[in-house]
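S.K.: One structure, as structure tokens, below. Some questions next.
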Amino acid sequence: MNKHWLNIGYDRSKYPETGVDGNLVIDKTAHKLVKLWQGPNHPGVTGNMSIELTISGDEIVEAKTHVGYLHRGFEKLFERRKYIQVFPTCIRLCVAEPDYNEYNLAASVEELSGIEVPEVAQWLRTLVLEMARLQSLLRVVPGQGGTTGLGIGVQWGVYLRDLILDRFEELTGGRVYHMYIIPGGVRGLLPEGFKKRLKSTLKEIDEFIVNIDNLMFSNAVFKKRTIGVGYIDPTWVDSYGIVGPNARAAGFKRDVRKDYPYLKYNELEFDPQTATESDIYTRSRIRWHDLKMTVDLIQQILDKMPDDGIIRAQTPNVLHWKIPKGETYVRSESSRGEYGFYVVADGTEYPRRINLRGPSYTHAVSLLEHMLIGANIADVASIMVSLQTCPPEIER
Amino acid sequence: MKKFIKDLSFRFNITEIEYQRKNLAFVSVDKESVMQMLSYLRDTEGFSHFVLMTAVDWIEDGIFQLTYILNNPTKKIDLAIRIKILRENAEMYSAHHLWNQVATYQRELKEMFGINFPGSPRVNESFLLEGWDNIPPMRRDFDTKKYSEETYFPRPGRGTNDPAQHMKIKLYPNE
């Protein structure tokens, strides 16, 4: 048979053959490999990135993550803007949860200039961050089902997320991007009757997420496709920088809210779940528990927070505000894990450097490339979604 | 934290110490001892979580500052290690053998700042930019405005106004 670089003339159904030890024999030099691109259009709910897969049969032998489809040069743009002007830009770093960017930047600026945030503003910030987590999880938890064909769960999630976005619109004026957290505090108090309306929204979500549980976690197809698939070894957690629910599913109890309490988290009662199975099913289950926990947290915040008070500390004129020279790293727990800002101030009105540490930077590049080796083509989307990747934070 | 940094300064040549918070400190060391220090912190002191690595361009001094932030998940403390390297022909030792994600950071720094990390896997592959032929874009001397004016065509009928002057004329035309 004539050898051809495009593999024409080979009977591909017979390849790869089984060796004497029972494992598949994959000869990388035999020109029997095929390149396949996954992406850059959305495979599931993970945003625009692509993976260059080298496959043999339907098994992946090599994977390379390609990003850059969403690169807007944010970190360069920050250097040309005053601190207050960075806010409208930095929230676009992650569409799913813009509020963590606002909080991290505001907290860095406050830390560098020594500003104390009033009590009510801290409660309001905690509330907004938890609402952001809720709407993000409502996309990703049913989205995991979507990768195995349970499309109805995704539609439920979109509906429930819309209810939270309505409350965001009422509170901040914006649905997706809010710019509610500003240096020194927040932009406003809760509108009249907001607590009551948010509580009824939470009640509706709380009743509905049981359906998501029944739909996904008892489903035979979902179980078959996710149990034991996409395993993360506990030894990888530190060597690959895995954080958040992905680390918790591998048995590491890591949650910034518990480990480095910020805002009002040390006054709230919550217990992040951990597990040891560390497959797609477990990570998904951990996120579902996070969803329940977030609903409970918002209820606690609404019950404990004061109704009135000062919402913003005195700051200099924000357009002529010179931040003292210094450096800091501020982190918070997003729904994907540790989310941090490294801010360098040089004593002028402009930041010298703002660098984002997003969980996807490690999850979607080095970890994903490693995890996909040996996986099946049909599982790539499931594995990607189970890591909850968000490409904009890789290519700031 | 203070005791730990004091112990550390006996082992390594720490030139500058800044305590930013009670669980975050910035230390400056020289280029030669940074790899030893990273290995020591990871293997002996429990700083197993590599948080981030990035560069800051101090163009007026002709140096790049490289910052490695490490986290100790047991003691819950962070240590940021800063080193200064010359801006011209910037080169740094690669730390890809210590944590697997470091190679990605180094690849990005090579592309965005032009800092070379000899021996780092795939360091010469483009990360975000394809076919880039200008100076590395995150350097302070890269002029974004000039680049966009040269690269992109201006749309007809589109102009720019100075916001302060424009609003003044628009709001108070008689003054």
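Ligands are numbered from 1 in the order shown, residues from 1 within each chain, and chains are lettered A, B, ... in the order they appear in the structure tokens.
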List the neighbours of Ile377 (chain A) out to 9 Å using only C-alpha atoms; skip same-chain residues closer than 5 positions along the sequence, and give me the result as an mmCIF file with N, CA and C atoms, in the first residue's frame.
M.R.:
data_model
loop_
_atom_site.group_PDB
_atom_site.id
_atom_site.type_symbol
_atom_site.label_atom_id
_atom_site.label_comp_id
_atom_site.auth_asym_id
_atom_site.auth_seq_id
_atom_site.Cartn_x
_atom_site.Cartn_y
_atom_site.Cartn_z
ATOM 1 N N LEU A 53 -6.052 19.283 18.639
ATOM 2 C CA LEU A 53 -5.941 17.900 19.095
ATOM 3 C C LEU A 53 -5.233 17.063 18.039
ATOM 4 N N ILE A 55 -5.082 13.261 17.087
ATOM 5 C CA ILE A 55 -5.842 12.077 17.491
ATOM 6 C C ILE A 55 -5.387 10.840 16.731
ATOM 7 N N ASP A 58 -10.064 7.535 17.966
ATOM 8 C CA ASP A 58 -10.754 8.640 18.647
ATOM 9 C C ASP A 58 -10.080 8.968 19.974
ATOM 10 N N GLU A 59 -8.825 8.553 20.093
ATOM 11 C CA GLU A 59 -8.091 8.848 21.324
ATOM 12 C C GLU A 59 -7.127 10.010 21.082
ATOM 13 N N ILE A 60 -7.030 10.878 22.067
ATOM 14 C CA ILE A 60 -6.173 12.055 21.921
ATOM 15 C C ILE A 60 -4.753 11.707 22.364
ATOM 16 N N LEU A 372 -6.052 16.010 28.747
ATOM 17 C CA LEU A 372 -6.709 15.495 27.547
ATOM 18 C C LEU A 372 -5.977 14.309 26.933
#
S.K.: Extract, using only C-alpha atoms, all DNA, RNA and protein residues at most 7 Å from Pro118 (chain A), discarding same-chain residues fewer than 4 positions from it, and format them as a PyMOL selection string.
M.R.: chain A and resi 122+185+310-313
S.K.: Going by DSSP on the backbone, which residues of region 84-317 of chain A come out as alpha helix (DSSP H)? List them as a ChimeraX atom specification.
M.R.: /A:84-90,99-113,119-146,151-172,194-217,220-226,236-239,244-248,256-259,280-304
S.K.: DSSP on the backbone: which residues in chain B end up as strand (DSSP E)? Give the answer as a VMD selection string.
M.R.: chain B and resid 14 to 21 24 to 29 49 to 58 63 to 72 77 to 86
S.K.: Quick one: everything within 10 Å of region 337-341 of chain A, counting only C-alpha atoms, minus sequence neighbours fewer than 5 positions away in the same chain. Send it as a PyMOL selection string.
M.R.: (chain A and resi 100-101+103-105+107-108+242-248+254-257+328-332+354-360+388+393) or (chain B and resi 51-52)
S.K.: Just to be explicit: take each residue in the selection above, keep C-alpha atoms, and write the result as an mmCIF file, in the first residue's frame.
M.R.:
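Result went into part_38.cif, see below:
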data_model
loop_
_atom_site.group_PDB
_atom_site.id
_atom_site.type_symbol
_atom_site.label_atom_id
_atom_site.label_comp_id
_atom_site.auth_asym_id
_atom_site.auth_seq_id
_atom_site.Cartn_x
_atom_site.Cartn_y
_atom_site.Cartn_z
ATOM 1 C CA TYR A 100 -14.905 40.109 41.309
ATOM 2 C CA ASN A 101 -12.806 42.400 39.102
ATOM 3 C CA TYR A 103 -13.978 44.180 44.129
ATOM 4 C CA ASN A 104 -10.328 43.183 43.650
ATOM 5 C CA LEU A 105 -9.385 46.500 42.084
ATOM 6 C CA ALA A 107 -9.787 46.548 47.509
ATOM 7 C CA SER A 108 -6.261 47.000 46.098
ATOM 8 C CA ILE A 242 -5.531 24.065 40.693
ATOM 9 C CA VAL A 243 -7.933 26.121 42.808
ATOM 10 C CA GLY A 244 -11.599 26.390 43.713
ATOM 11 C CA PRO A 245 -14.167 23.628 43.113
ATOM 12 C CA ASN A 246 -11.665 21.668 41.004
ATOM 13 C CA ALA A 247 -9.284 21.450 43.978
ATOM 14 C CA ARG A 248 -12.125 20.757 46.402
ATOM 15 C CA ARG A 254 -9.375 25.457 49.695
ATOM 16 C CA ASP A 255 -11.687 28.407 49.700
ATOM 17 C CA VAL A 256 -10.425 31.996 49.907
ATOM 18 C CA ARG A 257 -13.547 32.986 51.836
ATOM 19 C CA THR A 328 -0.164 44.504 46.648
ATOM 20 C CA TYR A 329 -1.892 41.267 45.775
ATOM 21 C CA VAL A 330 -5.603 40.996 46.617
ATOM 22 C CA ARG A 331 -7.574 37.812 46.149
ATOM 23 C CA SER A 332 -11.193 36.752 46.370
ATOM 24 C CA ILE A 354 -2.332 45.580 36.994
ATOM 25 C CA ASN A 355 -2.018 41.851 36.516
ATOM 26 C CA LEU A 356 -4.902 39.443 36.825
ATOM 27 C CA ARG A 357 -4.516 35.960 38.237
ATOM 28 C CA GLY A 358 -7.470 34.014 36.892
ATOM 29 C CA PRO A 359 -8.057 30.336 37.667
ATOM 30 C CA SER A 360 -8.435 29.545 33.952
ATOM 31 C CA GLN A 388 -15.093 25.963 34.211
ATOM 32 C CA GLU A 393 -8.944 35.917 31.850
ATOM 33 C CA VAL B 51 0.060 32.063 42.545
ATOM 34 C CA LEU B 52 1.438 34.094 39.672
#
S.K.: Go through A:Asp238, A:Glu269, A:Glu119, A:Glu169 one by one, measure the shortest atom-to-atom distance of each to chain B using only C-alpha atoms, and give the residue with the smallest value.
M.R.: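 Of all the options, A:Asp238 lies closest to chain B.
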S.K.: Near Ile227 (chain A), within 10 Å and counting only C-alpha atoms, which residues show up once chain neighbours fewer than 6 positions away are dropped, as a list of chain:residue names?
M.R.: A:Glu277, A:Ser278, A:Asp279, A:Ile280, A:Tyr281, A:Thr282
S.K.: Take the residues from that selection and put them in a file with N, CA and C atoms, as a PDB file, in the first residue's frame.
M.R.:
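Final file, part.pdb:
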ATOM      1  N   GLU A 277     -13.381  11.895  44.728  1.00  0.00           N
ATOM      2  CA  GLU A 277     -13.432  11.155  43.458  1.00  0.00           C
ATOM      3  C   GLU A 277     -12.761  11.922  42.321  1.00  0.00           C
ATOM      4  N   SER A 278     -12.924  13.268  42.318  1.00  0.00           N
ATOM      5  CA  SER A 278     -12.171  14.128  41.402  1.00  0.00           C
ATOM      6  C   SER A 278     -12.432  13.874  39.919  1.00  0.00           C
ATOM      7  N   ASP A 279     -13.639  13.422  39.590  1.00  0.00           N
ATOM      8  CA  ASP A 279     -13.984  13.282  38.173  1.00  0.00           C
ATOM      9  C   ASP A 279     -15.000  14.369  37.793  1.00  0.00           C
ATOM     10  N   ILE A 280     -15.480  14.322  36.546  1.00  0.00           N
ATOM     11  CA  ILE A 280     -16.397  15.372  36.097  1.00  0.00           C
ATOM     12  C   ILE A 280     -17.665  15.381  36.952  1.00  0.00           C
ATOM     13  N   TYR A 281     -18.172  14.199  37.250  1.00  0.00           N
ATOM     14  CA  TYR A 281     -19.406  14.086  38.028  1.00  0.00           C
ATOM     15  C   TYR A 281     -19.240  14.760  39.393  1.00  0.00           C
ATOM     16  N   THR A 282     -18.124  14.481  40.051  1.00  0.00           N
ATOM     17  CA  THR A 282     -17.901  15.041  41.393  1.00  0.00           C
ATOM     18  C   THR A 282     -17.746  16.554  41.344  1.00  0.00           C
TER      19      THR A 282
END
S.K.: Sorted by chain and rising residue number, list the residues of chain B at most 7 Å from chain A (counting only C-alpha atoms), each with its closest atom pair and distance in Å to one decimal, as JSON lines.
M.R.:
{"residue": "B:Gln20", "atom": "CA", "partner": "A:Thr328", "partner_atom": "CA", "distance": 6.7}
{"residue": "B:Ser48", "atom": "CA", "partner": "A:Asp238", "partner_atom": "CA", "distance": 5.8}
{"residue": "B:His49", "atom": "CA", "partner": "A:Asp238", "partner_atom": "CA", "distance": 5.4}
{"residue": "B:Phe50", "atom": "CA", "partner": "A:Gly241", "partner_atom": "CA", "distance": 6.2}
{"residue": "B:Leu52", "atom": "CA", "partner": "A:Arg357", "partner_atom": "CA", "distance": 6.4}
{"residue": "B:Val56", "atom": "CA", "partner": "A:Arg353", "partner_atom": "CA", "distance": 6.4}
{"residue": "B:Lys76", "atom": "CA", "partner": "A:Asp259", "partner_atom": "CA", "distance": 6.9}
{"residue": "B:Trp99", "atom": "CA", "partner": "A:Ser239", "partner_atom": "CA", "distance": 5.0}
{"residue": "B:Asn100", "atom": "CA", "partner": "A:Tyr240", "partner_atom": "CA", "distance": 5.3}
{"residue": "B:Gln101", "atom": "CA", "partner": "A:Ser366", "partner_atom": "CA", "distance": 5.5}
{"residue": "B:Phe127", "atom": "CA", "partner": "A:Val67", "partner_atom": "CA", "distance": 6.9}
{"residue": "B:Leu128", "atom": "CA", "partner": "A:Gly68", "partner_atom": "CA", "distance": 4.3}
{"residue": "B:Leu129", "atom": "CA", "partner": "A:Gly68", "partner_atom": "CA", "distance": 6.6}
{"residue": "B:Met138", "atom": "CA", "partner": "A:Lys76", "partner_atom": "CA", "distance": 6.2}
S.K.: With a distance cut-off of 10 Å and only C-alpha atoms, select the neighbouring residues of Tyr83 (chain A), excluding the residue or stretch itself and same-chain residues fewer than 4 positions from it, and output the selection as a PyMOL selection string.
M.R.: chain A and resi 78-79+87+105-106+109+183+318-323+345+348-351
S.K.: Could those selected residues go to a file with C-alpha atoms, as a PDB file, in the first residue's frame?
M.R.:
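Final output, saved to part.pdb:
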ATOM      1  CA  PHE A  78      -5.108  49.950  32.182  1.00  0.00           C
ATOM      2  CA  GLU A  79      -1.716  51.657  32.071  1.00  0.00           C
ATOM      3  CA  PHE A  87     -13.251  50.092  36.387  1.00  0.00           C
ATOM      4  CA  LEU A 105      -9.385  46.500  42.084  1.00  0.00           C
ATOM      5  CA  ALA A 106     -11.309  48.556  44.647  1.00  0.00           C
ATOM      6  CA  VAL A 109      -6.716  50.752  45.731  1.00  0.00           C
ATOM      7  CA  PRO A 183     -13.139  52.709  45.648  1.00  0.00           C
ATOM      8  CA  VAL A 318     -11.128  60.258  41.848  1.00  0.00           C
ATOM      9  CA  LEU A 319      -9.882  61.962  38.687  1.00  0.00           C
ATOM     10  CA  HIS A 320      -6.887  63.499  40.476  1.00  0.00           C
ATOM     11  CA  TRP A 321      -6.244  60.716  42.945  1.00  0.00           C
ATOM     12  CA  LYS A 322      -2.573  59.865  43.295  1.00  0.00           C
ATOM     13  CA  ILE A 323      -2.202  56.401  44.801  1.00  0.00           C
ATOM     14  CA  ALA A 345       1.311  51.815  41.950  1.00  0.00           C
ATOM     15  CA  THR A 348       0.961  58.814  40.035  1.00  0.00           C
ATOM     16  CA  GLU A 349      -2.706  58.919  39.000  1.00  0.00           C
ATOM     17  CA  TYR A 350      -2.127  55.986  36.649  1.00  0.00           C
ATOM     18  CA  PRO A 351      -1.447  52.366  37.619  1.00  0.00           C
TER      19      PRO A 351
END
S.K.: In Å to one decimal, how far is CA of Lys84 (chain B) from CA of Gln65 (chain B)?
M.R.: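 Going from CA of Gln65 (chain B) over to CA of Lys84 (chain B) covers 4.6 Å.
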S.K.: For the atom pair CA of Ser200 (chain A) and CA of Val295 (chain A), what is the interatomic distance in Å to one decimal place?
M.R.: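 Computed distance, CA of Ser200 (chain A) to CA of Val295 (chain A), equals 11.4 Å.
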S.K.: Between CA of Ser94 (chain B) and CA of Asn116 (chain B), what is the distance in Å, rounded to a tenth?
M.R.: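 Value for the CA of Ser94 (chain B)-CA of Asn116 (chain B) distance: 8.9 Å.
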S.K.: Which residues are close to region 30-41 of chain A, i.e. within 8 Å by only C-alpha atoms, leaving aside same-chain residues fewer than 6 positions away? Reply as a PyMOL selection string.
M.R.: chain A and resi 5-7+47-57+69
S.K.: If you keep C-alpha atoms, can you produce a file of those selected residues as a PDB file, in the first residue's frame?
M.R.:
ATOM      1  CA  TRP A   5       0.542  11.875   4.344  1.00  0.00           C
ATOM      2  CA  LEU A   6      -3.231  12.307   4.478  1.00  0.00           C
ATOM      3  CA  ASN A   7      -3.656   8.638   5.444  1.00  0.00           C
ATOM      4  CA  GLY A  47     -15.991  30.996  25.566  1.00  0.00           C
ATOM      5  CA  ASN A  48     -13.741  31.412  22.557  1.00  0.00           C
ATOM      6  CA  MET A  49     -10.655  29.284  22.709  1.00  0.00           C
ATOM      7  CA  SER A  50      -9.535  26.338  20.685  1.00  0.00           C
ATOM      8  CA  ILE A  51      -7.669  23.135  21.317  1.00  0.00           C
ATOM      9  CA  GLU A  52      -5.490  21.630  18.645  1.00  0.00           C
ATOM     10  CA  LEU A  53      -5.941  17.900  19.095  1.00  0.00           C
ATOM     11  CA  THR A  54      -3.775  15.223  17.597  1.00  0.00           C
ATOM     12  CA  ILE A  55      -5.842  12.077  17.491  1.00  0.00           C
ATOM     13  CA  SER A  56      -5.318   8.443  16.771  1.00  0.00           C
ATOM     14  CA  GLY A  57      -8.623   6.722  16.192  1.00  0.00           C
ATOM     15  CA  TYR A  69      -9.383  35.114  19.949  1.00  0.00           C
TER      16      TYR A  69
END
S.K.: With only C-alpha atoms as the atoms that count, which of A:Met371, A:Leu291, A:Leu165, A:Ile383 lies nearest to Thr201 (chain A)?
M.R.: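 Checking each of A:Met371, A:Leu291, A:Leu165, A:Ile383 against Thr201 (chain A), counting only C-alpha atoms, the winner is A:Leu165.
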S.K.: Env of Arg82 (chain B): 7 Å cut, atoms = only C-alpha atoms, seq-sep filter 6 positions within chain, self excluded. Answer as an MDAnalysis selection string.
M.R.: chainID B and resid 27:29 65:68
S.K.: Hey, which of A:Gln273, A:Ser218, A:Thr294, A:Gln135 ends up closest to Ala249 (chain A)? Count only C-alpha atoms.
M.R.: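 Among A:Gln273, A:Ser218, A:Thr294, A:Gln135, it is A:Gln273 that comes nearest to Ala249 (chain A).
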